[in-house]
>>> print(open('query_4.txt').read())   # compact mmCIF, C-alpha atoms and all ligand atoms
# COMPACT_ATOMS: atom_id res chain seq x y z
CA MET G 237 -5.27 -13.87 23.90
CA ASN G 238 -4.78 -13.78 20.11
CA SER G 239 -1.86 -12.01 18.41
CA TYR G 240 -3.88 -8.84 17.80
CA GLU G 241 -4.83 -8.58 21.47
CA ARG G 242 -1.26 -9.30 22.52
CA ALA G 243 0.06 -6.56 20.22
CA ARG G 244 -2.59 -4.09 21.45
CA GLU G 245 -1.66 -4.80 25.06
CA PHE G 246 2.01 -4.19 24.23
CA ALA G 247 1.28 -1.06 22.19
CA LYS G 248 -0.98 0.54 24.80
CA LYS G 249 1.73 0.06 27.41
CA TYR G 250 4.86 0.98 25.46
CA VAL G 251 3.92 2.72 22.18
CA ASP G 252 1.00 5.02 23.01
CA PRO G 253 2.99 7.07 25.54
CA ILE G 254 5.65 8.01 22.96
CA ALA G 255 3.80 7.90 19.59
CA THR G 256 3.72 11.71 19.32
CA LYS G 257 7.39 11.96 20.29
CA ILE G 258 8.41 9.43 17.62
CA ASP G 259 6.81 11.68 15.00
CA GLU G 260 8.10 14.96 16.43
CA GLU G 261 11.69 13.77 16.80
CA ALA G 262 11.69 11.67 13.60
CA LYS G 263 13.85 9.19 15.42
CA PHE G 264 13.70 5.39 15.12
CA PRO G 265 11.91 4.05 18.24
CA LYS G 266 14.82 1.91 19.43
CA GLU G 267 13.46 1.58 22.96
CA ILE G 268 10.26 0.03 21.57
CA PHE G 269 12.21 -2.36 19.36
CA ASP G 270 14.28 -3.42 22.37
CA LYS G 271 11.00 -4.19 24.18
CA LEU G 272 9.55 -6.00 21.13
CA GLY G 273 12.64 -8.20 21.18
CA GLU G 274 12.38 -8.81 24.92
CA GLU G 275 8.73 -9.81 24.65
CA GLY G 276 9.40 -12.32 21.87
CA PHE G 277 7.77 -10.50 18.92
CA PHE G 278 10.85 -10.88 16.67
CA LYS G 279 10.60 -14.66 16.83
CA LEU G 280 6.85 -14.75 16.11
CA MET G 281 7.32 -16.38 12.69
CA ILE G 282 10.21 -18.70 13.58
CA PRO G 283 9.14 -22.37 13.84
CA LYS G 284 8.86 -23.70 17.38
CA GLU G 285 11.53 -26.35 16.76
CA MET G 286 13.97 -23.50 16.01
CA GLY G 287 13.15 -21.63 19.22
CA GLY G 288 10.40 -19.41 17.84
CA GLU G 289 6.65 -19.10 18.32
CA GLY G 290 5.57 -20.85 15.10
CA GLY G 291 3.19 -18.04 14.12
CA THR G 292 1.16 -17.98 10.91
CA ILE G 293 0.68 -15.21 8.35
CA LYS G 294 -2.46 -14.33 10.33
CA ASP G 295 -0.39 -13.74 13.48
CA HIS G 296 1.93 -11.57 11.37
CA SER G 297 -1.07 -9.58 10.15
CA GLN G 298 -2.61 -9.21 13.60
CA VAL G 299 0.60 -8.03 15.27
CA CYS G 300 1.29 -5.48 12.49
CA GLN G 301 -2.26 -4.14 12.82
CA GLY G 302 -2.19 -4.06 16.60
CA LEU G 303 1.09 -2.12 16.69
CA ALA G 304 0.08 0.26 13.89
CA GLU G 305 -3.10 1.19 15.71
CA SER G 306 -0.80 3.00 18.14
CA CYS G 307 1.98 4.02 15.72
CA ALA G 308 2.19 3.15 12.02
CA THR G 309 5.98 3.51 12.10
CA VAL G 310 6.31 0.77 14.71
CA GLY G 311 3.90 -1.49 12.79
CA LEU G 312 5.72 -0.94 9.49
CA CYS G 313 9.27 -1.41 10.76
CA TYR G 314 8.18 -4.56 12.59
CA MET G 315 6.43 -5.81 9.45
CA MET G 316 9.63 -5.48 7.37
CA HIS G 317 11.45 -7.73 9.86
CA ASN G 318 8.95 -10.56 9.48
CA VAL G 319 9.02 -10.29 5.68
CA ALA G 320 12.81 -10.47 5.41
CA LEU G 321 12.95 -13.28 7.96
CA MET G 322 10.32 -15.32 6.09
CA CYS G 323 12.44 -15.19 2.94
CA ILE G 324 15.49 -16.43 4.86
CA LEU G 325 13.43 -19.14 6.59
CA GLY G 326 11.79 -20.16 3.32
CA GLN G 327 14.82 -20.53 1.06
CA GLY G 328 18.00 -19.72 2.98
CA SER G 329 20.59 -22.47 3.38
CA GLU G 330 20.51 -24.42 6.65
CA GLU G 331 23.71 -22.64 7.79
CA LEU G 332 22.32 -19.17 7.00
CA LYS G 333 19.04 -19.95 8.77
CA LYS G 334 20.89 -21.29 11.80
CA LYS G 335 23.01 -18.15 12.08
CA ILE G 336 20.27 -15.56 11.60
CA VAL G 337 17.52 -17.39 13.49
CA GLY G 338 19.97 -17.97 16.34
CA GLU G 339 20.72 -14.25 16.53
CA VAL G 340 17.04 -13.27 16.32
CA VAL G 341 16.09 -15.72 19.07
CA ASN G 342 19.06 -15.26 21.39
CA GLU G 343 20.33 -11.76 20.67
CA ARG G 344 17.00 -10.14 19.68
CA LYS G 345 18.33 -8.94 16.35
CA PHE G 346 15.89 -7.90 13.62
CA CYS G 347 15.88 -7.56 9.83
CA ALA G 348 14.84 -5.06 7.15
CA LEU G 349 14.17 -4.86 3.40
CA ALA G 350 16.45 -2.96 1.01
CA TYR G 351 14.72 -3.40 -2.35
CA SER G 352 13.73 -0.06 -3.90
CA GLU G 353 16.13 1.90 -6.06
CA LEU G 354 15.96 5.46 -7.35
CA GLY G 355 15.93 4.31 -10.97
CA THR G 356 13.40 1.48 -11.01
CA GLY G 357 11.26 2.99 -8.21
CA THR G 358 8.05 1.11 -7.59
CA HIS G 359 9.23 -1.70 -9.93
CA PHE G 360 11.62 -2.95 -7.25
CA TYR G 361 11.90 -6.43 -8.76
CA LYS G 362 14.13 -4.99 -11.51
CA PRO G 363 17.23 -4.08 -9.46
CA GLU G 364 20.15 -2.34 -11.15
CA LEU G 365 22.85 -2.80 -8.53
CA ASN G 366 26.27 -3.60 -9.89
CA ILE G 367 27.39 -7.09 -8.87
CA LYS G 368 30.68 -8.84 -9.66
CA HIS G 369 31.21 -12.50 -8.97
CA LEU G 370 34.56 -13.69 -7.64
CA ASP G 371 35.46 -17.10 -6.30
CA GLY G 372 32.77 -17.88 -3.70
CA GLU G 373 31.82 -14.28 -3.11
CA ALA G 374 30.06 -11.32 -4.71
CA VAL G 375 31.08 -7.66 -4.73
CA ILE G 376 28.05 -5.35 -4.73
CA SER G 377 27.96 -1.64 -5.51
CA GLY G 378 25.10 0.79 -5.94
CA LYS G 379 22.35 2.40 -3.95
CA LYS G 380 19.01 1.43 -2.46
CA SER G 381 16.72 4.45 -2.20
CA MET G 382 14.65 3.95 0.97
CA VAL G 383 15.52 1.42 3.64
CA THR G 384 13.23 1.38 6.66
CA SER G 385 14.93 0.69 10.04
CA ALA G 386 18.22 1.77 8.46
CA GLU G 387 21.19 1.57 10.84
CA TYR G 388 19.05 -0.22 13.45
CA ALA G 389 18.27 -3.54 11.74
CA SER G 390 21.08 -6.10 11.86
CA TYR G 391 20.38 -7.71 8.46
CA TYR G 392 19.11 -6.21 5.14
CA LEU G 393 17.44 -8.29 2.46
CA VAL G 394 18.90 -6.93 -0.80
CA LEU G 395 17.67 -7.75 -4.29
CA ALA G 396 20.42 -7.77 -6.95
CA PRO G 397 20.87 -8.91 -10.56
CA SER G 398 21.83 -12.58 -10.72
CA LYS G 399 24.82 -14.41 -12.13
CA LYS G 400 22.11 -16.18 -14.12
CA GLU G 401 21.38 -13.89 -17.08
CA GLY G 402 18.18 -11.85 -16.75
CA GLU G 403 17.35 -13.20 -13.27
CA ILE G 404 17.64 -11.76 -9.76
CA ASP G 405 18.84 -12.98 -6.36
CA ASN G 406 18.11 -12.10 -2.75
CA TRP G 407 21.15 -11.53 -0.54
CA VAL G 408 21.38 -10.83 3.17
CA VAL G 409 23.70 -7.92 3.92
CA PRO G 410 24.85 -7.69 7.55
CA LEU G 411 24.97 -4.29 9.25
CA GLY G 412 28.59 -3.29 9.62
CA SER G 413 29.70 -4.84 6.30
CA GLU G 414 32.67 -2.92 4.96
CA GLY G 415 31.50 -0.46 2.29
CA LEU G 416 27.91 -0.27 3.61
CA LYS G 417 26.79 3.28 4.36
CA PHE G 418 23.46 4.89 5.25
CA GLU G 419 22.50 8.46 4.37
CA MET G 420 20.29 9.26 7.34
CA GLU G 421 20.56 12.97 6.51
CA ASN G 422 18.47 12.19 3.40
CA TRP G 423 15.39 10.88 5.22
CA HIS G 424 12.75 13.64 5.29
CA GLY G 425 9.47 11.68 5.20
CA MET G 426 6.35 13.83 5.62
CA GLY G 427 4.91 10.98 7.69
CA MET G 428 6.12 7.69 9.18
CA ARG G 429 8.86 9.92 10.51
CA GLY G 430 10.36 7.44 12.97
CA ASN G 431 11.00 4.95 10.14
CA ALA G 432 14.58 5.98 9.38
CA SER G 433 13.80 5.06 5.73
CA CYS G 434 17.00 6.50 4.29
CA PRO G 435 19.15 5.60 1.26
CA MET G 436 21.68 2.79 1.63
CA GLU G 437 24.96 2.88 -0.29
CA LEU G 438 26.89 -0.26 -1.13
CA ASN G 439 30.47 0.56 -2.06
CA ASP G 440 32.19 -2.65 -3.16
CA VAL G 441 30.57 -4.66 -0.38
CA HIS G 442 32.12 -8.14 -0.38
CA LEU G 443 29.60 -10.84 0.48
CA ASP G 444 30.37 -14.51 0.87
CA GLU G 445 27.94 -16.67 -1.13
CA PHE G 446 26.85 -17.96 2.28
CA TYR G 447 24.63 -14.84 2.34
CA LYS G 448 22.80 -15.62 -0.92
CA ILE G 449 19.27 -16.98 -0.52
CA GLY G 450 18.44 -20.07 -2.59
CA GLU G 451 19.65 -21.16 -6.02
CA TRP G 452 21.10 -18.66 -8.50
CA GLY G 453 18.26 -16.81 -10.18
CA SER G 454 15.58 -17.79 -7.66
CA GLY G 455 14.99 -14.22 -6.40
CA LEU G 456 11.93 -13.40 -8.49
CA GLY G 457 10.20 -16.58 -7.33
CA GLN G 458 11.00 -15.66 -3.72
CA VAL G 459 9.65 -12.15 -4.28
CA PHE G 460 6.32 -13.36 -5.60
CA THR G 461 5.77 -16.42 -3.41
CA ILE G 462 7.21 -15.32 -0.05
CA VAL G 463 7.99 -11.61 0.12
CA ALA G 464 4.88 -10.36 -1.70
CA PRO G 465 2.18 -12.11 0.36
CA PHE G 466 3.79 -11.23 3.69
CA PHE G 467 4.62 -7.69 2.59
CA ILE G 468 1.36 -6.79 0.87
CA LEU G 469 -0.77 -8.33 3.63
CA GLY G 470 1.55 -6.66 6.15
CA LEU G 471 0.86 -3.28 4.55
CA ALA G 472 -2.89 -4.01 4.51
CA SER G 473 -2.60 -4.75 8.23
CA VAL G 474 -0.53 -1.68 9.09
CA TYR G 475 -2.95 0.62 7.26
CA SER G 476 -6.00 -1.18 8.70
CA GLY G 477 -4.53 -0.40 12.10
CA LEU G 478 -3.87 3.20 11.13
CA GLY G 479 -7.43 3.47 9.78
CA ARG G 480 -8.84 2.33 13.10
CA ALA G 481 -6.67 4.89 14.87
CA ILE G 482 -8.10 7.59 12.58
CA SER G 483 -11.67 6.49 13.34
CA ARG G 484 -11.02 6.40 17.08
CA ALA G 485 -9.30 9.80 17.12
CA ALA G 486 -12.12 11.40 15.09
CA VAL G 487 -14.76 10.00 17.47
CA GLU G 488 -12.78 11.13 20.53
CA HIS G 489 -12.42 14.63 19.12
CA ALA G 490 -16.08 14.90 18.11
CA THR G 491 -17.34 13.83 21.53
CA ALA G 492 -14.84 15.89 23.54
CA ARG G 493 -15.22 19.16 21.59
CA LYS G 494 -18.03 21.13 23.29
CA TYR G 495 -19.78 24.33 22.25
CA PRO G 496 -20.75 27.02 24.80
CA ASP G 497 -24.31 25.59 25.00
CA GLY G 498 -22.88 22.26 26.16
CA SER G 499 -23.54 20.39 22.92
CA SER G 500 -20.72 18.51 21.21
CA LEU G 501 -19.58 18.15 17.63
CA ALA G 502 -20.88 14.60 17.77
CA ASN G 503 -24.42 15.99 18.16
CA ILE G 504 -24.28 17.48 14.66
CA GLU G 505 -25.78 15.26 11.98
CA THR G 506 -23.17 16.06 9.32
CA VAL G 507 -20.44 15.07 11.77
CA GLN G 508 -22.31 11.88 12.67
CA ILE G 509 -22.42 10.98 8.97
CA HIS G 510 -18.68 11.64 8.57
CA LEU G 511 -17.91 9.51 11.63
CA ALA G 512 -20.17 6.70 10.46
CA ASN G 513 -18.56 6.69 7.00
CA ILE G 514 -15.07 6.67 8.50
CA TYR G 515 -16.02 3.81 10.83
CA ASN G 516 -17.49 1.76 7.98
CA ARG G 517 -14.58 2.34 5.59
CA VAL G 518 -11.81 1.42 8.01
CA ASN G 519 -13.61 -1.57 9.51
CA ALA G 520 -14.49 -2.91 6.06
CA ALA G 521 -10.80 -2.71 5.13
CA ALA G 522 -9.79 -4.43 8.38
CA ALA G 523 -12.38 -7.17 7.77
CA LEU G 524 -11.09 -7.72 4.22
CA THR G 525 -7.56 -7.91 5.61
CA ALA G 526 -8.60 -10.53 8.19
CA HIS G 527 -10.43 -12.47 5.47
CA ALA G 528 -7.33 -12.40 3.23
CA ALA G 529 -5.17 -13.60 6.15
CA ASP G 530 -7.57 -16.51 6.77
CA LYS G 531 -7.39 -17.49 3.10
CA ALA G 532 -3.60 -17.33 3.18
CA VAL G 533 -3.46 -19.53 6.31
CA ARG G 534 -5.70 -22.08 4.58
CA GLY G 535 -3.43 -21.93 1.53
CA ASP G 536 -6.28 -21.02 -0.83
CA ALA G 537 -4.99 -20.73 -4.39
CA ASP G 538 -6.60 -17.31 -4.84
CA ALA G 539 -5.47 -15.87 -1.49
CA VAL G 540 -3.19 -13.43 -3.30
CA VAL G 541 -6.22 -11.80 -4.94
CA ASP G 542 -7.72 -10.96 -1.55
CA ILE G 543 -4.35 -9.92 -0.14
CA ILE G 544 -3.95 -7.38 -2.95
CA ALA G 545 -7.58 -6.25 -2.58
CA ALA G 546 -7.06 -5.79 1.17
CA ARG G 547 -3.93 -3.69 0.64
CA ILE G 548 -5.74 -1.42 -1.84
CA ALA G 549 -8.79 -1.11 0.42
CA ALA G 550 -6.76 -0.42 3.58
CA SER G 551 -4.50 2.13 1.87
CA GLU G 552 -7.37 4.03 0.28
CA ALA G 553 -9.48 3.87 3.44
CA ALA G 554 -6.65 5.30 5.54
CA ILE G 555 -5.98 8.20 3.16
CA GLU G 556 -9.58 9.07 2.35
CA THR G 557 -10.87 8.79 5.91
CA SER G 558 -7.97 10.90 7.15
CA ILE G 559 -9.27 13.74 4.95
CA ASP G 560 -12.77 13.46 6.45
CA ALA G 561 -11.31 13.12 9.95
CA MET G 562 -9.32 16.33 9.45
CA ARG G 563 -12.56 18.05 8.41
CA VAL G 564 -14.24 16.88 11.63
CA GLY G 565 -11.12 17.90 13.56
CA GLY G 566 -11.44 21.47 12.27
CA GLY G 567 -8.96 24.18 13.25
CA LYS G 568 -7.86 22.26 16.31
CA ALA G 569 -6.68 19.26 14.29
CA TYR G 570 -5.14 21.57 11.68
CA ASN G 571 -3.18 23.26 14.45
CA LYS G 572 -1.86 19.83 15.51
CA SER G 573 -3.96 19.50 18.64
CA GLY G 574 -4.45 15.73 18.93
CA PRO G 575 -3.14 13.00 16.63
CA LEU G 576 -5.29 13.47 13.48
CA GLU G 577 -2.74 15.48 11.51
CA ARG G 578 0.03 12.94 12.26
CA LEU G 579 -2.25 10.07 11.28
CA MET G 580 -3.07 11.80 7.97
CA ARG G 581 0.62 12.28 7.13
CA ASP G 582 1.33 8.65 8.02
CA ALA G 583 -1.58 7.50 5.83
CA TYR G 584 -0.11 9.04 2.68
CA ALA G 585 2.77 6.54 2.64
CA SER G 586 0.28 3.73 2.11
CA GLN G 587 -0.34 4.40 -1.58
CA ILE G 588 3.34 4.73 -2.47
CA MET G 589 5.01 1.72 -0.98
CA ALA G 590 5.99 -0.70 -3.70
CA PRO G 591 4.15 -2.23 -5.42
CA SER G 592 2.18 1.02 -5.28
CA VAL G 593 -1.61 1.01 -5.01
CA ASP G 594 -1.86 2.02 -8.68
CA VAL G 595 0.30 -0.92 -9.75
CA LEU G 596 -1.60 -3.31 -7.46
CA THR G 597 -4.95 -2.13 -8.80
CA ILE G 598 -3.82 -3.12 -12.30
CA TRP G 599 -2.52 -6.45 -10.97
CA LEU G 600 -5.86 -7.10 -9.26
CA GLY G 601 -7.69 -6.36 -12.50
CA LYS G 602 -5.41 -8.80 -14.31
CA LEU G 603 -5.75 -11.53 -11.69
CA ILE G 604 -9.53 -11.49 -11.63
CA THR G 605 -9.56 -11.78 -15.42
CA ASP G 606 -7.06 -14.65 -15.43
CA GLN G 607 -4.14 -12.66 -16.80
CA PRO G 608 -0.56 -13.08 -15.55
CA ILE G 609 1.19 -10.51 -13.33
CA PRO G 610 3.35 -8.42 -13.21
C1 LIG B 1 7.57 5.42 4.31
C2 LIG B 1 8.25 4.61 3.26
C3 LIG B 1 9.07 3.57 3.63
C4 LIG B 1 9.72 2.80 2.66
N1 LIG B 1 10.52 1.78 3.06
C5 LIG B 1 11.13 1.01 2.14
C6 LIG B 1 11.94 -0.10 2.53
O1 LIG B 1 12.11 -0.39 3.71
N2 LIG B 1 12.54 -0.83 1.58
C7 LIG B 1 12.38 -0.56 0.28
O2 LIG B 1 12.94 -1.28 -0.54
N3 LIG B 1 11.63 0.49 -0.15
C8 LIG B 1 11.00 1.27 0.76
N4 LIG B 1 10.23 2.33 0.36
C9 LIG B 1 10.20 2.67 -1.06
C10 LIG B 1 8.86 2.34 -1.71
O3 LIG B 1 8.50 1.02 -1.44
C11 LIG B 1 8.79 2.61 -3.20
O4 LIG B 1 9.47 1.66 -3.93
C12 LIG B 1 9.35 3.88 -3.63
O5 LIG B 1 8.99 4.93 -2.76
C13 LIG B 1 8.79 4.20 -5.00
O6 LIG B 1 9.73 4.94 -5.67
P1 LIG B 1 9.39 6.07 -6.74
O7 LIG B 1 8.80 7.23 -6.07
O8 LIG B 1 10.63 6.24 -7.53
O9 LIG B 1 8.27 5.39 -7.60
P2 LIG B 1 7.93 5.56 -9.13
O10 LIG B 1 8.38 4.33 -9.83
O11 LIG B 1 8.40 6.88 -9.63
O12 LIG B 1 6.35 5.55 -9.08
C14 LIG B 1 5.60 6.71 -8.65
C15 LIG B 1 4.14 6.49 -8.92
O13 LIG B 1 3.92 6.34 -10.32
C16 LIG B 1 2.87 5.44 -10.56
N5 LIG B 1 3.35 4.31 -11.37
C17 LIG B 1 4.63 3.98 -11.68
N6 LIG B 1 4.66 2.90 -12.47
C18 LIG B 1 3.40 2.51 -12.66
C19 LIG B 1 2.78 1.45 -13.41
N7 LIG B 1 3.48 0.58 -14.13
N8 LIG B 1 1.44 1.36 -13.36
C20 LIG B 1 0.69 2.25 -12.65
N9 LIG B 1 1.21 3.27 -11.95
C21 LIG B 1 2.54 3.41 -11.95
C22 LIG B 1 2.35 5.01 -9.19
O14 LIG B 1 1.28 5.87 -8.82
C23 LIG B 1 3.55 5.23 -8.29
O15 LIG B 1 3.17 5.43 -6.94
C24 LIG B 1 9.55 3.10 1.30
C25 LIG B 1 8.70 4.16 0.92
C26 LIG B 1 8.06 4.90 1.89
C27 LIG B 1 7.16 6.02 1.46
>>> encode(input="query_4.txt", output="structure tokens")
Amino acid sequence: MNSYERAREFAKKYVDPIATKIDEEAKFPKEIFDKLGEEGFFKLMIPKEMGGEGGTIKDHSQVCQGLAESCATVGLCYMMHNVALMCILGQGSEELKKKIVGEVVNERKFCALAYSELGTGTHFYKPELNIKHLDGEAVISGKKSMVTSAEYASYYLVLAPSKKEGEIDNWVVPLGSEGLKFEMENWHGMGMRGNASCPMELNDVHLDEFYKIGEWGSGLGQVFTIVAPFFILGLASVYSGLGRAISRAAVEHATARKYPDGSSLANIETVQIHLANIYNRVNAAAALTAHAADKAVRGDADAVVDIIAARIAASEAAIETSIDAMRVGGGKAYNKSGPLERLMRDAYASQIMAPSVDVLTIWLGKLITDQPIP
């Protein structure tokens, strides 16, 4: 069984039964995250010698897609964990790795990303947090605008200006740090409603330098070499999964909806064309995502080009096919009978998440013409 099949098996058993409830109640699916921990998904990317499963970026992609096919919120929150963990594994000190990996493996803790700020928005790699440096520790103040898995994740990867002029650093902020506060009352997402993506306040949070990742000023390098590939491919995977869910739901609706003469929507040629186009779009995006993951596993120098292309394709396919699927779904889908309306609302997050699809499209244009990004 590959990682996609494993995630699908898990999601059919635990996620499908409560996917509608997660959206309706807009509540983080803690029970599913407890199960993900129990079944070893949190340690997917941890090397075997450290007690993990030694997964590759392809396993990361397949699990995110498999979970998102049942619920994009579950796929996205899980994806953030792997991304933050990869940064810690890649450049954290041995002591930091030992502590966090130990807690992920033995206590089933998981991580999240706290990058975006209200001011710099989609340009998250230009953080404006206030940071003071004392002897062996930093004091951080300011606000992150949207932090998925807020209050539930045990560790938050936070990007802050560096002691080294003009540079940035990644820090790990533990849940429960004094001065750390979440504004859950300010999460009102139109979709991805179980995400708990609320603002995070840091009020003079004291952090030992133990929690800094890598050398002073190495944050931007970490963002572009570790966080970006795992995050952008992760988003491509989540929205490939959501796209497949849209295609499946549209087909199910079209075949189940019968007219008084016994014929179904699926017998109508216009509907057949819509369904065929949806199927092609979402499967092309999923295939591009799988291709990008293969290139990343091989370490191809231009893998990032395909990763960005996959994210753009998967995001646009999810949004655009959700519009056609709603058309096929008619008044029933509009009146929230079946999942199509939820899937459409979830799809709209795909173009926004930083770096946004507009920004990535420009980056892709630059990369294929040998120009530097960002
Ligand atoms: C469901 C969800 C979950 C999220 N979870 C997290 C999380 O866990 N952690 C986190 O750090 N952040 C998270 N975010 C935040 C997200 O990643 C974005 O950074 C943030 O929403 C963008 O902020 P903004 O609206 O201020 O963007 P703005 O900077 O105002 O950009 C808005 C739009 O303007 C356009 N635009 C802006 N600049 C350019 C440019 N240079 N070129 C081309 N177009 C441009 C783009 O179309 C962009 O989408 C989440 C967002 C969503 C929707």
>>> residues_around(input="query_4.txt", residues="segment 333-337 of chain G", least_positions_apart="6", cutoff="8 Å", atoms="only C-alpha atoms", output="PDB file with C-alpha atoms, in the coordinates of the input")
ATOM      1  CA  ILE G 282      10.210 -18.700  13.580  1.00  0.00           C
ATOM      2  CA  MET G 286      13.970 -23.500  16.010  1.00  0.00           C
ATOM      3  CA  ILE G 324      15.490 -16.430   4.860  1.00  0.00           C
ATOM      4  CA  LEU G 325      13.430 -19.140   6.590  1.00  0.00           C
TER       5      LEU G 325
END
>>> residues_around(input="query_4.txt", residues="Glu451 of chain G", least_positions_apart="3", cutoff="9 Å", atoms="only C-alpha atoms", output="ChimeraX atom specification")
/G:327,405,448,454-455
>>> write_last_selection(input="query_4.txt", atoms="C-alpha atoms", output="mmCIF file, keeping the file's coordinate frame")
data_model
loop_
_atom_site.group_PDB
_atom_site.id
_atom_site.type_symbol
_atom_site.label_atom_id
_atom_site.label_comp_id
_atom_site.auth_asym_id
_atom_site.auth_seq_id
_atom_site.Cartn_x
_atom_site.Cartn_y
_atom_site.Cartn_z
ATOM 1 C CA GLN G 327 14.820 -20.530 1.060
ATOM 2 C CA ASP G 405 18.840 -12.980 -6.360
ATOM 3 C CA LYS G 448 22.800 -15.620 -0.920
ATOM 4 C CA SER G 454 15.580 -17.790 -7.660
ATOM 5 C CA GLY G 455 14.990 -14.220 -6.400
#
>>> residues_near_ligand(input="query_4.txt", ligand="ligand LIG 1 (chain B)", cutoff="9 Å", atoms="only C-alpha atoms and all ligand atoms", output="ChimeraX atom specification")
/G:309,312-313,316,348-360,380-386,393-395,425-429,431-434,582,584-598
>>> closest_atom_pairs(input="query_4.txt", of="segment 250-306 of chain G", to="segment 527-549 of chain G", cutoff="8 Å", atoms="all atoms listed in the file", output="JSON lines")
{"residue": "G:Thr292", "atom": "CA", "partner": "G:Val533", "partner_atom": "CA", "distance": 6.7}
{"residue": "G:Ile293", "atom": "CA", "partner": "G:Val533", "partner_atom": "CA", "distance": 6.3}
{"residue": "G:Lys294", "atom": "CA", "partner": "G:Ala529", "partner_atom": "CA", "distance": 5.0}
{"residue": "G:Ser297", "atom": "CA", "partner": "G:Ala529", "partner_atom": "CA", "distance": 7.0}
>>> closest_residue(input="query_4.txt", among="G:Asn571, G:Asn318, G:Gln508, G:Asn519", to="Phe277 of chain G", atoms="all atoms listed in the file")
G:Asn318
>>> closest_residue(input="query_4.txt", among="G:Ala255, G:Ala490, G:Glu339, G:Arg517", to="Glu505 of chain G", atoms="all atoms listed in the file")
G:Ala490
